[in-house]
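Below you'll find the structure, written out as structure tokens, and then a few comments.
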Amino acid sequence: MTPEQDELRATVRKLLEREATPWPALVDIGVPALAIPEEHGGLGAGLTELRIVAEELGRVLADVPFLGSAVATQAVLATGDERLLPRLAEGAVAALAWTGEDGRWDAAACRGDLSTVDGRAHYVLDGDTASILLAVTEDGLYEVDPADADREHVPSLDETRHFATVTFDHAPARRLGPLDPGPLRDFACLVLAAEQTGAAARALELTVEYTQQRHQFGRPIGSFQALKHRMADLHVLVETARSAAYADLPAVAKVHCSEVLSEVTAEMIQLHGGIAITWEHPAHRYFKRAHSSSLLFGAPHHHLPRVRS
């Protein structure tokens, strides 16, 4: 990492430690503007900076609309249309209506005909509250006025991740331009993988802290050789997840980071045996995030053929 990237990480981490509702403060330091060119009010940064922010947000399971807006912004950038970029740079939350009920993200659930959009998209991140609503179709990317769509909030296992089902019934729309969903899904998988890595790292930190505090037979349970081995294995998993998240191998990152977060959080529950799952401890929240995020942008088994090819 460059000194500037290290400073970005430190700034975001301090902000998240300080702010109970961090999104306005993240907007103030330019997080939504990171990937937007400077001539449109952005900071002209790249994917690495987005992954750094995602990793820090994942550490604390921040309830912010970063992931959905980052992917929507990338979709806009891919079309070459510039009209929405200043609003996105200022922090307007964007939602991308994309996949069908099967949740594969390799085909568009909606249809466009240059001036209208029809169809129903599922698992739309922040789809019920976003001020900018975009629809992926085989004909390209469309902008639809949120008032012209039926947006229904869908409860999630992970309370910090907000989904909606969005229905378009001949909704008036503006076509932004052509869009290849393949590279967009790869981008989404890499940002998500960084978020999963941050969550896994923090889950392991909390587990190590707990095993140093809890005593059995007059000594910390973390001093027992069997537990040392288990936590050393988890450390290796987290480091390999970080390597995968920052490599430009989207399918590998999606599969490996999903599996790592699931395994680390399952071990977290086991090693917190005296606490298990309770509202008084965040272990259950990391466990829920693991299972929710493993299905986002395609389940691991949807990406495995690309890993093997």
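By order of appearance in the structure tokens: chains A, B, ..., then residues from 1 within every chain, and ligands from 1 in the order shown.
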
Problem set entry | Exercise: range 70-73 of chain A partners within 9 Å, only C-alpha atoms, chain neighbours under 6 positions left out, as a ChimeraX atom specification | /A:32,35-36,50,84-85,88,94-96,133-134,184-185,187-188,191

For this session: Would you mind listing what lies within 9 Å of range 54-57 of chain A as a PyMOL selection string, with only C-alpha atoms counted and same-chain residues fewer than 4 positions away left out?
Result: chain A and resi 9+12-13+16+49-50+61-64+66-67+191-199

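If only C-alpha atoms are the atoms counted, then among A:Arg308, A:His303, A:Arg59, A:Arg87 the closest residue to Pro250 in chain A is A:His303.
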
Problem set entry | Spatial neighbours of His40 in chain A, max dist 9 Å, only C-alpha atoms, sep filter under 3 positions, as JSON, numbers by chain | {"A": [36, 37, 43, 82, 83, 85, 86, 89]}

Exercise. Within 10 Å of Ala147 in chain A, counting only C-alpha atoms, which residues qualify if same-chain residues fewer than 4 places away don't, as a ChimeraX atom specification?
Worked result: /A:131,133,151,171

Produce a file of the selected residues containing C-alpha atoms, as a CSV table (one decimal), in the first residue's frame.
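again04.csv written:
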chain,number,residue,atom,x,y,z
A,131,SER,CA,-32.6,8.4,-4.5
A,133,LEU,CA,-32.6,3.9,-9.3
A,151,ARG,CA,-40.1,-0.8,-4.3
A,171,ALA,CA,-41.8,2.6,-16.2

For this session: With a distance cut-off of 9 Å and only C-alpha atoms, select the neighbouring residues of Ala253 in chain A, excluding the residue or stretch itself and same-chain residues fewer than 4 positions from it, and output the selection as a ChimeraX atom specification.
Result: /A:189-190,192-194,241-249,257-258

Exercise. Separation of CA of Asp139 in chain A and CA of Arg174 in chain A, in Å?
Worked result: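 Computing the Euclidean distance for CA of Asp139 in chain A and CA of Arg174 in chain A yields 11.8 Å.
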
Go through range 44-131 of chain A and flag each residue having an atom no more than 8 Å from range 177-181 of chain A; for those, report the closest pair of atoms plus their distance in Å to one decimal, using only C-alpha atoms, ordered by chain and rising number, as a Markdown table.
| residue | atom | partner | partner_atom | distance |
| --- | --- | --- | --- | --- |
| A:Ala75 | CA | A:Leu179 | CA | 7.2 |
| A:Ala78 | CA | A:Leu179 | CA | 6.6 |
| A:Thr79 | CA | A:Gly177 | CA | 4.8 |
| A:Gly80 | CA | A:Gly177 | CA | 7.1 |
| A:Asp81 | CA | A:Gly177 | CA | 6.8 |
| A:Asp106 | CA | A:Pro181 | CA | 6.9 |
| A:Ala107 | CA | A:Pro181 | CA | 7.5 |

Problem set entry | Atom-to-atom span, CA of Gln5 in chain A and CA of Leu47 in chain A, Å |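 Distance between the two atoms: 11.5 Å.
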
Seminar exercise, completed: If you count only C-alpha atoms, the residue of A:Leu261, A:Ile132, A:Ala25, A:Val76 closest to Arg202 in chain A turns out to be A:Leu261

For this session: Mind the document's chain letters and residue numbers, and return as a PyMOL selection string the residues of range 186-235 of chain A that DSSP labels alpha helix (DSSP H).
Result: chain A and resi 186-213+225-235

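Distance-wise, CA of Glu267 in chain A and CA of Pro305 in chain A end up 27.7 Å apart.
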
Could you tell me, as a PDB file with all heavy atoms, in the first residue's frame, which residues of range 128-247 of chain A DSSP assigns to strand (DSSP E) when given the backbone?
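This went into out_36.pdb:
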ATOM      1  N   ILE A 132     -31.383   7.378  -6.363  1.00  0.00           N
ATOM      2  CA  ILE A 132     -31.094   7.115  -7.776  1.00  0.00           C
ATOM      3  C   ILE A 132     -31.349   5.637  -8.021  1.00  0.00           C
ATOM      4  O   ILE A 132     -30.784   4.779  -7.334  1.00  0.00           O
ATOM      5  CB  ILE A 132     -29.633   7.462  -8.133  1.00  0.00           C
ATOM      6  CG1 ILE A 132     -29.384   8.962  -7.960  1.00  0.00           C
ATOM      7  CG2 ILE A 132     -29.310   7.034  -9.567  1.00  0.00           C
ATOM      8  CD1 ILE A 132     -27.942   9.374  -8.195  1.00  0.00           C
ATOM      9  N   LEU A 133     -32.204   5.333  -8.972  1.00  0.00           N
ATOM     10  CA  LEU A 133     -32.571   3.948  -9.266  1.00  0.00           C
ATOM     11  C   LEU A 133     -32.156   3.606 -10.696  1.00  0.00           C
ATOM     12  O   LEU A 133     -32.558   4.288 -11.646  1.00  0.00           O
ATOM     13  CB  LEU A 133     -34.073   3.757  -9.094  1.00  0.00           C
ATOM     14  CG  LEU A 133     -34.615   2.338  -9.293  1.00  0.00           C
ATOM     15  CD1 LEU A 133     -33.959   1.355  -8.327  1.00  0.00           C
ATOM     16  CD2 LEU A 133     -36.132   2.320  -9.117  1.00  0.00           C
ATOM     17  N   LEU A 134     -31.357   2.566 -10.824  1.00  0.00           N
ATOM     18  CA  LEU A 134     -30.839   2.126 -12.116  1.00  0.00           C
ATOM     19  C   LEU A 134     -31.276   0.693 -12.374  1.00  0.00           C
ATOM     20  O   LEU A 134     -31.405  -0.102 -11.435  1.00  0.00           O
ATOM     21  CB  LEU A 134     -29.311   2.212 -12.142  1.00  0.00           C
ATOM     22  CG  LEU A 134     -28.705   3.571 -11.811  1.00  0.00           C
ATOM     23  CD1 LEU A 134     -27.201   3.454 -11.629  1.00  0.00           C
ATOM     24  CD2 LEU A 134     -29.038   4.581 -12.903  1.00  0.00           C
ATOM     25  N   ALA A 135     -31.469   0.363 -13.640  1.00  0.00           N
ATOM     26  CA  ALA A 135     -31.879  -0.991 -14.014  1.00  0.00           C
ATOM     27  C   ALA A 135     -30.935  -1.537 -15.076  1.00  0.00           C
ATOM     28  O   ALA A 135     -30.685  -0.889 -16.100  1.00  0.00           O
ATOM     29  CB  ALA A 135     -33.315  -0.990 -14.539  1.00  0.00           C
ATOM     30  N   VAL A 136     -30.422  -2.737 -14.820  1.00  0.00           N
ATOM     31  CA  VAL A 136     -29.599  -3.446 -15.797  1.00  0.00           C
ATOM     32  C   VAL A 136     -30.530  -4.244 -16.703  1.00  0.00           C
ATOM     33  O   VAL A 136     -31.374  -5.003 -16.231  1.00  0.00           O
ATOM     34  CB  VAL A 136     -28.610  -4.395 -15.097  1.00  0.00           C
ATOM     35  CG1 VAL A 136     -27.801  -5.185 -16.119  1.00  0.00           C
ATOM     36  CG2 VAL A 136     -27.686  -3.615 -14.170  1.00  0.00           C
ATOM     37  N   THR A 137     -30.381  -4.066 -17.998  1.00  0.00           N
ATOM     38  CA  THR A 137     -31.159  -4.834 -18.967  1.00  0.00           C
ATOM     39  C   THR A 137     -30.210  -5.354 -20.045  1.00  0.00           C
ATOM     40  O   THR A 137     -29.054  -4.929 -20.134  1.00  0.00           O
ATOM     41  CB  THR A 137     -32.255  -3.972 -19.640  1.00  0.00           C
ATOM     42  OG1 THR A 137     -31.639  -3.101 -20.603  1.00  0.00           O
ATOM     43  CG2 THR A 137     -33.005  -3.134 -18.609  1.00  0.00           C
ATOM     44  N   GLY A 140     -28.871  -2.527 -22.048  1.00  0.00           N
ATOM     45  CA  GLY A 140     -28.004  -1.532 -21.437  1.00  0.00           C
ATOM     46  C   GLY A 140     -28.485  -1.118 -20.062  1.00  0.00           C
ATOM     47  O   GLY A 140     -29.305  -1.785 -19.428  1.00  0.00           O
ATOM     48  N   LEU A 141     -27.976   0.015 -19.606  1.00  0.00           N
ATOM     49  CA  LEU A 141     -28.303   0.535 -18.278  1.00  0.00           C
ATOM     50  C   LEU A 141     -29.294   1.680 -18.407  1.00  0.00           C
ATOM     51  O   LEU A 141     -29.119   2.581 -19.231  1.00  0.00           O
ATOM     52  CB  LEU A 141     -27.036   1.021 -17.579  1.00  0.00           C
ATOM     53  CG  LEU A 141     -27.201   1.501 -16.133  1.00  0.00           C
ATOM     54  CD1 LEU A 141     -27.549   0.332 -15.217  1.00  0.00           C
ATOM     55  CD2 LEU A 141     -25.938   2.202 -15.651  1.00  0.00           C
ATOM     56  N   TYR A 142     -30.348   1.643 -17.574  1.00  0.00           N
ATOM     57  CA  TYR A 142     -31.395   2.659 -17.608  1.00  0.00           C
ATOM     58  C   TYR A 142     -31.517   3.331 -16.243  1.00  0.00           C
ATOM     59  O   TYR A 142     -31.326   2.686 -15.196  1.00  0.00           O
ATOM     60  CB  TYR A 142     -32.746   2.045 -17.960  1.00  0.00           C
ATOM     61  CG  TYR A 142     -32.908   1.660 -19.412  1.00  0.00           C
ATOM     62  CD1 TYR A 142     -32.339   0.494 -19.904  1.00  0.00           C
ATOM     63  CD2 TYR A 142     -33.651   2.462 -20.276  1.00  0.00           C
ATOM     64  CE1 TYR A 142     -32.501   0.130 -21.241  1.00  0.00           C
ATOM     65  CE2 TYR A 142     -33.820   2.117 -21.616  1.00  0.00           C
ATOM     66  CZ  TYR A 142     -33.239   0.949 -22.083  1.00  0.00           C
ATOM     67  OH  TYR A 142     -33.399   0.605 -23.403  1.00  0.00           O
ATOM     68  N   GLU A 143     -31.879   4.610 -16.257  1.00  0.00           N
ATOM     69  CA  GLU A 143     -32.242   5.324 -15.045  1.00  0.00           C
ATOM     70  C   GLU A 143     -33.757   5.463 -14.995  1.00  0.00           C
ATOM     71  O   GLU A 143     -34.377   5.863 -15.984  1.00  0.00           O
ATOM     72  CB  GLU A 143     -31.605   6.709 -14.996  1.00  0.00           C
ATOM     73  CG  GLU A 143     -31.974   7.474 -13.731  1.00  0.00           C
ATOM     74  CD  GLU A 143     -31.575   8.944 -13.775  1.00  0.00           C
ATOM     75  OE1 GLU A 143     -31.106   9.400 -14.842  1.00  0.00           O
ATOM     76  OE2 GLU A 143     -31.763   9.623 -12.758  1.00  0.00           O
ATOM     77  N   VAL A 144     -34.328   5.122 -13.848  1.00  0.00           N
ATOM     78  CA  VAL A 144     -35.777   5.207 -13.646  1.00  0.00           C
ATOM     79  C   VAL A 144     -36.035   6.069 -12.418  1.00  0.00           C
ATOM     80  O   VAL A 144     -35.359   5.925 -11.388  1.00  0.00           O
ATOM     81  CB  VAL A 144     -36.396   3.808 -13.448  1.00  0.00           C
ATOM     82  CG1 VAL A 144     -37.893   3.908 -13.217  1.00  0.00           C
ATOM     83  CG2 VAL A 144     -36.095   2.914 -14.643  1.00  0.00           C
ATOM     84  N   ASP A 150     -42.185   0.182  -8.196  1.00  0.00           N
ATOM     85  CA  ASP A 150     -42.738  -0.386  -6.965  1.00  0.00           C
ATOM     86  C   ASP A 150     -41.578  -0.994  -6.188  1.00  0.00           C
ATOM     87  O   ASP A 150     -40.991  -1.979  -6.618  1.00  0.00           O
ATOM     88  CB  ASP A 150     -43.781  -1.446  -7.289  1.00  0.00           C
ATOM     89  CG  ASP A 150     -44.396  -2.062  -6.038  1.00  0.00           C
ATOM     90  OD1 ASP A 150     -44.255  -1.451  -4.953  1.00  0.00           O
ATOM     91  OD2 ASP A 150     -44.986  -3.147  -6.134  1.00  0.00           O
ATOM     92  N   ARG A 151     -41.250  -0.393  -5.048  1.00  0.00           N
ATOM     93  CA  ARG A 151     -40.081  -0.814  -4.268  1.00  0.00           C
ATOM     94  C   ARG A 151     -40.539  -1.396  -2.933  1.00  0.00           C
ATOM     95  O   ARG A 151     -41.122  -0.697  -2.115  1.00  0.00           O
ATOM     96  CB  ARG A 151     -39.132   0.362  -4.052  1.00  0.00           C
ATOM     97  CG  ARG A 151     -38.707   1.021  -5.364  1.00  0.00           C
ATOM     98  CD  ARG A 151     -37.577   2.009  -5.143  1.00  0.00           C
ATOM     99  NE  ARG A 151     -38.001   3.207  -4.429  1.00  0.00           N
ATOM    100  CZ  ARG A 151     -37.154   4.142  -3.978  1.00  0.00           C
ATOM    101  NH1 ARG A 151     -35.852   3.977  -4.156  1.00  0.00           N
ATOM    102  NH2 ARG A 151     -37.615   5.206  -3.354  1.00  0.00           N
ATOM    103  N   GLU A 152     -40.256  -2.658  -2.726  1.00  0.00           N
ATOM    104  CA  GLU A 152     -40.710  -3.364  -1.520  1.00  0.00           C
ATOM    105  C   GLU A 152     -39.512  -3.847  -0.712  1.00  0.00           C
ATOM    106  O   GLU A 152     -38.684  -4.617  -1.206  1.00  0.00           O
ATOM    107  CB  GLU A 152     -41.578  -4.562  -1.906  1.00  0.00           C
ATOM    108  CG  GLU A 152     -42.074  -5.373  -0.717  1.00  0.00           C
ATOM    109  CD  GLU A 152     -42.827  -6.612  -1.142  1.00  0.00           C
ATOM    110  OE1 GLU A 152     -42.976  -6.833  -2.361  1.00  0.00           O
ATOM    111  OE2 GLU A 152     -43.245  -7.378  -0.248  1.00  0.00           O
ATOM    112  N   HIS A 153     -39.419  -3.382   0.525  1.00  0.00           N
ATOM    113  CA  HIS A 153     -38.336  -3.818   1.403  1.00  0.00           C
ATOM    114  C   HIS A 153     -38.469  -5.309   1.696  1.00  0.00           C
ATOM    115  O   HIS A 153     -39.565  -5.817   1.938  1.00  0.00           O
ATOM    116  CB  HIS A 153     -38.359  -3.039   2.716  1.00  0.00           C
ATOM    117  CG  HIS A 153     -37.360  -3.527   3.716  1.00  0.00           C
ATOM    118  ND1 HIS A 153     -36.001  -3.327   3.581  1.00  0.00           N
ATOM    119  CD2 HIS A 153     -37.526  -4.243   4.857  1.00  0.00           C
ATOM    120  CE1 HIS A 153     -35.374  -3.886   4.604  1.00  0.00           C
ATOM    121  NE2 HIS A 153     -36.272  -4.444   5.401  1.00  0.00           N
ATOM    122  N   VAL A 154     -37.350  -6.013   1.691  1.00  0.00           N
ATOM    123  CA  VAL A 154     -37.314  -7.453   1.966  1.00  0.00           C
ATOM    124  C   VAL A 154     -36.420  -7.695   3.176  1.00  0.00           C
ATOM    125  O   VAL A 154     -35.227  -7.386   3.136  1.00  0.00           O
ATOM    126  CB  VAL A 154     -36.791  -8.242   0.753  1.00  0.00           C
ATOM    127  CG1 VAL A 154     -36.719  -9.733   1.081  1.00  0.00           C
ATOM    128  CG2 VAL A 154     -37.668  -8.002  -0.466  1.00  0.00           C
ATOM    129  N   PHE A 163     -32.163  -5.015   1.586  1.00  0.00           N
ATOM    130  CA  PHE A 163     -32.559  -5.464   0.253  1.00  0.00           C
ATOM    131  C   PHE A 163     -33.982  -5.021  -0.056  1.00  0.00           C
ATOM    132  O   PHE A 163     -34.786  -4.760   0.841  1.00  0.00           O
ATOM    133  CB  PHE A 163     -32.491  -6.991   0.151  1.00  0.00           C
ATOM    134  CG  PHE A 163     -31.112  -7.552   0.247  1.00  0.00           C
ATOM    135  CD1 PHE A 163     -30.669  -8.145   1.423  1.00  0.00           C
ATOM    136  CD2 PHE A 163     -30.241  -7.511  -0.832  1.00  0.00           C
ATOM    137  CE1 PHE A 163     -29.392  -8.674   1.517  1.00  0.00           C
ATOM    138  CE2 PHE A 163     -28.973  -8.032  -0.754  1.00  0.00           C
ATOM    139  CZ  PHE A 163     -28.547  -8.623   0.422  1.00  0.00           C
ATOM    140  N   ALA A 164     -34.272  -4.988  -1.350  1.00  0.00           N
ATOM    141  CA  ALA A 164     -35.633  -4.697  -1.800  1.00  0.00           C
ATOM    142  C   ALA A 164     -35.906  -5.459  -3.077  1.00  0.00           C
ATOM    143  O   ALA A 164     -34.979  -5.831  -3.811  1.00  0.00           O
ATOM    144  CB  ALA A 164     -35.820  -3.205  -2.032  1.00  0.00           C
ATOM    145  N   THR A 165     -37.166  -5.711  -3.327  1.00  0.00           N
ATOM    146  CA  THR A 165     -37.619  -6.196  -4.625  1.00  0.00           C
ATOM    147  C   THR A 165     -38.201  -5.000  -5.361  1.00  0.00           C
ATOM    148  O   THR A 165     -39.049  -4.283  -4.830  1.00  0.00           O
ATOM    149  CB  THR A 165     -38.682  -7.290  -4.464  1.00  0.00           C
ATOM    150  OG1 THR A 165     -38.106  -8.407  -3.778  1.00  0.00           O
ATOM    151  CG2 THR A 165     -39.190  -7.747  -5.828  1.00  0.00           C
ATOM    152  N   VAL A 166     -37.717  -4.773  -6.578  1.00  0.00           N
ATOM    153  CA  VAL A 166     -38.133  -3.603  -7.352  1.00  0.00           C
ATOM    154  C   VAL A 166     -38.838  -4.070  -8.618  1.00  0.00           C
ATOM    155  O   VAL A 166     -38.285  -4.867  -9.386  1.00  0.00           O
ATOM    156  CB  VAL A 166     -36.927  -2.717  -7.710  1.00  0.00           C
ATOM    157  CG1 VAL A 166     -37.382  -1.510  -8.535  1.00  0.00           C
ATOM    158  CG2 VAL A 166     -36.206  -2.259  -6.445  1.00  0.00           C
ATOM    159  N   THR A 167     -40.055  -3.572  -8.819  1.00  0.00           N
ATOM    160  CA  THR A 167     -40.862  -3.961  -9.970  1.00  0.00           C
ATOM    161  C   THR A 167     -41.086  -2.761 -10.878  1.00  0.00           C
ATOM    162  O   THR A 167     -41.465  -1.681 -10.412  1.00  0.00           O
ATOM    163  CB  THR A 167     -42.217  -4.521  -9.513  1.00  0.00           C
ATOM    164  OG1 THR A 167     -41.994  -5.619  -8.615  1.00  0.00           O
ATOM    165  CG2 THR A 167     -43.023  -5.008 -10.709  1.00  0.00           C
ATOM    166  N   PHE A 168     -40.831  -2.972 -12.165  1.00  0.00           N
ATOM    167  CA  PHE A 168     -41.062  -1.941 -13.174  1.00  0.00           C
ATOM    168  C   PHE A 168     -42.204  -2.396 -14.086  1.00  0.00           C
ATOM    169  O   PHE A 168     -42.142  -3.493 -14.641  1.00  0.00           O
ATOM    170  CB  PHE A 168     -39.810  -1.706 -14.015  1.00  0.00           C
ATOM    171  CG  PHE A 168     -38.580  -1.358 -13.221  1.00  0.00           C
ATOM    172  CD1 PHE A 168     -37.632  -2.333 -12.926  1.00  0.00           C
ATOM    173  CD2 PHE A 168     -38.375  -0.063 -12.775  1.00  0.00           C
ATOM    174  CE1 PHE A 168     -36.490  -2.016 -12.209  1.00  0.00           C
ATOM    175  CE2 PHE A 168     -37.232   0.258 -12.044  1.00  0.00           C
ATOM    176  CZ  PHE A 168     -36.297  -0.717 -11.760  1.00  0.00           C
ATOM    177  N   ASP A 169     -43.203  -1.552 -14.231  1.00  0.00           N
ATOM    178  CA  ASP A 169     -44.326  -1.856 -15.114  1.00  0.00           C
ATOM    179  C   ASP A 169     -44.418  -0.758 -16.163  1.00  0.00           C
ATOM    180  O   ASP A 169     -45.081   0.253 -15.981  1.00  0.00           O
ATOM    181  CB  ASP A 169     -45.618  -1.948 -14.309  1.00  0.00           C
ATOM    182  CG  ASP A 169     -46.812  -2.359 -15.170  1.00  0.00           C
ATOM    183  OD1 ASP A 169     -46.612  -2.702 -16.349  1.00  0.00           O
ATOM    184  OD2 ASP A 169     -47.943  -2.323 -14.660  1.00  0.00           O
ATOM    185  N   HIS A 170     -43.703  -0.981 -17.245  1.00  0.00           N
ATOM    186  CA  HIS A 170     -43.649   0.015 -18.321  1.00  0.00           C
ATOM    187  C   HIS A 170     -43.251   1.372 -17.754  1.00  0.00           C
ATOM    188  O   HIS A 170     -43.838   2.416 -18.087  1.00  0.00           O
ATOM    189  CB  HIS A 170     -44.996   0.098 -19.047  1.00  0.00           C
ATOM    190  CG  HIS A 170     -44.857   0.410 -20.503  1.00  0.00           C
ATOM    191  ND1 HIS A 170     -44.128  -0.362 -21.387  1.00  0.00           N
ATOM    192  CD2 HIS A 170     -45.340   1.446 -21.253  1.00  0.00           C
ATOM    193  CE1 HIS A 170     -44.179   0.150 -22.588  1.00  0.00           C
ATOM    194  NE2 HIS A 170     -44.901   1.269 -22.538  1.00  0.00           N
ATOM    195  N   ALA A 171     -42.231   1.367 -16.884  1.00  0.00           N
ATOM    196  CA  ALA A 171     -41.798   2.592 -16.218  1.00  0.00           C
ATOM    197  C   ALA A 171     -41.013   3.478 -17.180  1.00  0.00           C
ATOM    198  O   ALA A 171     -40.104   3.001 -17.871  1.00  0.00           O
ATOM    199  CB  ALA A 171     -40.918   2.239 -15.022  1.00  0.00           C
ATOM    200  N   PRO A 172     -41.311   4.764 -17.237  1.00  0.00           N
ATOM    201  CA  PRO A 172     -40.522   5.678 -18.067  1.00  0.00           C
ATOM    202  C   PRO A 172     -39.055   5.651 -17.634  1.00  0.00           C
ATOM    203  O   PRO A 172     -38.757   5.628 -16.440  1.00  0.00           O
ATOM    204  CB  PRO A 172     -41.158   7.045 -17.800  1.00  0.00           C
ATOM    205  CG  PRO A 172     -42.523   6.739 -17.294  1.00  0.00           C
ATOM    206  CD  PRO A 172     -42.418   5.447 -16.541  1.00  0.00           C
ATOM    207  N   ALA A 173     -38.155   5.629 -18.599  1.00  0.00           N
ATOM    208  CA  ALA A 173     -36.745   5.455 -18.267  1.00  0.00           C
ATOM    209  C   ALA A 173     -35.861   6.190 -19.267  1.00  0.00           C
ATOM    210  O   ALA A 173     -36.257   6.458 -20.402  1.00  0.00           O
ATOM    211  CB  ALA A 173     -36.384   3.969 -18.237  1.00  0.00           C
ATOM    212  N   ARG A 174     -34.647   6.501 -18.829  1.00  0.00           N
ATOM    213  CA  ARG A 174     -33.635   7.098 -19.695  1.00  0.00           C
ATOM    214  C   ARG A 174     -32.478   6.115 -19.843  1.00  0.00           C
ATOM    215  O   ARG A 174     -31.905   5.675 -18.848  1.00  0.00           O
ATOM    216  CB  ARG A 174     -33.134   8.418 -19.101  1.00  0.00           C
ATOM    217  CG  ARG A 174     -32.025   9.079 -19.915  1.00  0.00           C
ATOM    218  CD  ARG A 174     -31.645  10.426 -19.329  1.00  0.00           C
ATOM    219  NE  ARG A 174     -30.937  10.304 -18.058  1.00  0.00           N
ATOM    220  CZ  ARG A 174     -29.606  10.149 -17.958  1.00  0.00           C
ATOM    221  NH1 ARG A 174     -28.859  10.070 -19.041  1.00  0.00           N
ATOM    222  NH2 ARG A 174     -29.049  10.084 -16.756  1.00  0.00           N
ATOM    223  N   ARG A 175     -32.156   5.781 -21.071  1.00  0.00           N
ATOM    224  CA  ARG A 175     -31.051   4.844 -21.313  1.00  0.00           C
ATOM    225  C   ARG A 175     -29.723   5.583 -21.201  1.00  0.00           C
ATOM    226  O   ARG A 175     -29.485   6.563 -21.888  1.00  0.00           O
ATOM    227  CB  ARG A 175     -31.185   4.193 -22.688  1.00  0.00           C
ATOM    228  CG  ARG A 175     -30.138   3.127 -22.983  1.00  0.00           C
ATOM    229  CD  ARG A 175     -30.407   2.468 -24.328  1.00  0.00           C
ATOM    230  NE  ARG A 175     -29.460   1.405 -24.610  1.00  0.00           N
ATOM    231  CZ  ARG A 175     -28.293   1.573 -25.248  1.00  0.00           C
ATOM    232  NH1 ARG A 175     -27.946   2.800 -25.650  1.00  0.00           N
ATOM    233  NH2 ARG A 175     -27.488   0.558 -25.473  1.00  0.00           N
ATOM    234  N   LEU A 176     -28.855   5.076 -20.322  1.00  0.00           N
ATOM    235  CA  LEU A 176     -27.550   5.700 -20.141  1.00  0.00           C
ATOM    236  C   LEU A 176     -26.541   5.220 -21.171  1.00  0.00           C
ATOM    237  O   LEU A 176     -25.643   5.958 -21.565  1.00  0.00           O
ATOM    238  CB  LEU A 176     -27.016   5.419 -18.723  1.00  0.00           C
ATOM    239  CG  LEU A 176     -27.512   6.343 -17.606  1.00  0.00           C
ATOM    240  CD1 LEU A 176     -29.001   6.168 -17.362  1.00  0.00           C
ATOM    241  CD2 LEU A 176     -26.738   6.092 -16.326  1.00  0.00           C
ATOM    242  N   GLY A 177     -26.661   3.943 -21.569  1.00  0.00           N
ATOM    243  CA  GLY A 177     -25.728   3.406 -22.548  1.00  0.00           C
ATOM    244  C   GLY A 177     -25.609   1.905 -22.423  1.00  0.00           C
ATOM    245  O   GLY A 177     -26.228   1.285 -21.550  1.00  0.00           O
ATOM    246  N   HIS A 215     -10.987 -18.152  31.417  1.00  0.00           N
ATOM    247  CA  HIS A 215     -10.090 -19.094  32.092  1.00  0.00           C
ATOM    248  C   HIS A 215     -10.799 -20.413  32.373  1.00  0.00           C
ATOM    249  O   HIS A 215     -11.980 -20.455  32.694  1.00  0.00           O
ATOM    250  CB  HIS A 215      -9.594 -18.506  33.414  1.00  0.00           C
ATOM    251  CG  HIS A 215      -8.568 -17.435  33.248  1.00  0.00           C
ATOM    252  ND1 HIS A 215      -8.838 -16.226  32.642  1.00  0.00           N
ATOM    253  CD2 HIS A 215      -7.244 -17.397  33.618  1.00  0.00           C
ATOM    254  CE1 HIS A 215      -7.739 -15.476  32.631  1.00  0.00           C
ATOM    255  NE2 HIS A 215      -6.764 -16.164  33.217  1.00  0.00           N
ATOM    256  N   GLN A 216     -10.041 -21.478  32.238  1.00  0.00           N
ATOM    257  CA  GLN A 216     -10.431 -22.812  32.687  1.00  0.00           C
ATOM    258  C   GLN A 216      -9.210 -23.475  33.314  1.00  0.00           C
ATOM    259  O   GLN A 216      -8.087 -23.332  32.809  1.00  0.00           O
ATOM    260  CB  GLN A 216     -10.943 -23.655  31.518  1.00  0.00           C
ATOM    261  CG  GLN A 216     -12.356 -23.322  31.073  1.00  0.00           C
ATOM    262  CD  GLN A 216     -12.881 -24.299  30.032  1.00  0.00           C
ATOM    263  OE1 GLN A 216     -12.132 -25.060  29.432  1.00  0.00           O
ATOM    264  NE2 GLN A 216     -14.192 -24.288  29.818  1.00  0.00           N
ATOM    265  N   ARG A 219      -6.182 -21.141  33.944  1.00  0.00           N
ATOM    266  CA  ARG A 219      -5.353 -20.535  32.893  1.00  0.00           C
ATOM    267  C   ARG A 219      -6.239 -20.112  31.727  1.00  0.00           C
ATOM    268  O   ARG A 219      -7.330 -20.671  31.530  1.00  0.00           O
ATOM    269  CB  ARG A 219      -4.275 -21.518  32.413  1.00  0.00           C
ATOM    270  CG  ARG A 219      -4.838 -22.846  31.968  1.00  0.00           C
ATOM    271  CD  ARG A 219      -3.756 -23.874  31.712  1.00  0.00           C
ATOM    272  NE  ARG A 219      -2.969 -23.584  30.526  1.00  0.00           N
ATOM    273  CZ  ARG A 219      -2.186 -24.489  29.931  1.00  0.00           C
ATOM    274  NH1 ARG A 219      -2.087 -25.721  30.429  1.00  0.00           N
ATOM    275  NH2 ARG A 219      -1.496 -24.151  28.882  1.00  0.00           N
ATOM    276  N   PRO A 220      -5.807 -19.137  30.927  1.00  0.00           N
ATOM    277  CA  PRO A 220      -6.602 -18.719  29.766  1.00  0.00           C
ATOM    278  C   PRO A 220      -6.767 -19.878  28.786  1.00  0.00           C
ATOM    279  O   PRO A 220      -5.804 -20.629  28.533  1.00  0.00           O
ATOM    280  CB  PRO A 220      -5.771 -17.588  29.149  1.00  0.00           C
ATOM    281  CG  PRO A 220      -4.855 -17.139  30.232  1.00  0.00           C
ATOM    282  CD  PRO A 220      -4.574 -18.339  31.070  1.00  0.00           C
TER     283      PRO A 220
END

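Shortest atom-to-atom contact with Val117 in chain A among A:Leu296, A:Ala149, A:Glu90, A:Gln270: A:Ala149, counting only C-alpha atoms.
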
Taking only C-alpha atoms into account, produce a table as CSV in which each residue of range 13-84 of chain A with an atom at most 9 Å from an atom of range 121-125 of chain A appears once, together with its shortest atom pair and the distance in Å to one decimal, ordered by chain and rising number.
residue,atom,partner,partner_atom,distance
A:Pro65,CA,A:Leu125,CA,7.8
A:Leu67,CA,A:Leu125,CA,8.0
A:Gly68,CA,A:Leu125,CA,5.3
A:Ser69,CA,A:Leu125,CA,8.3
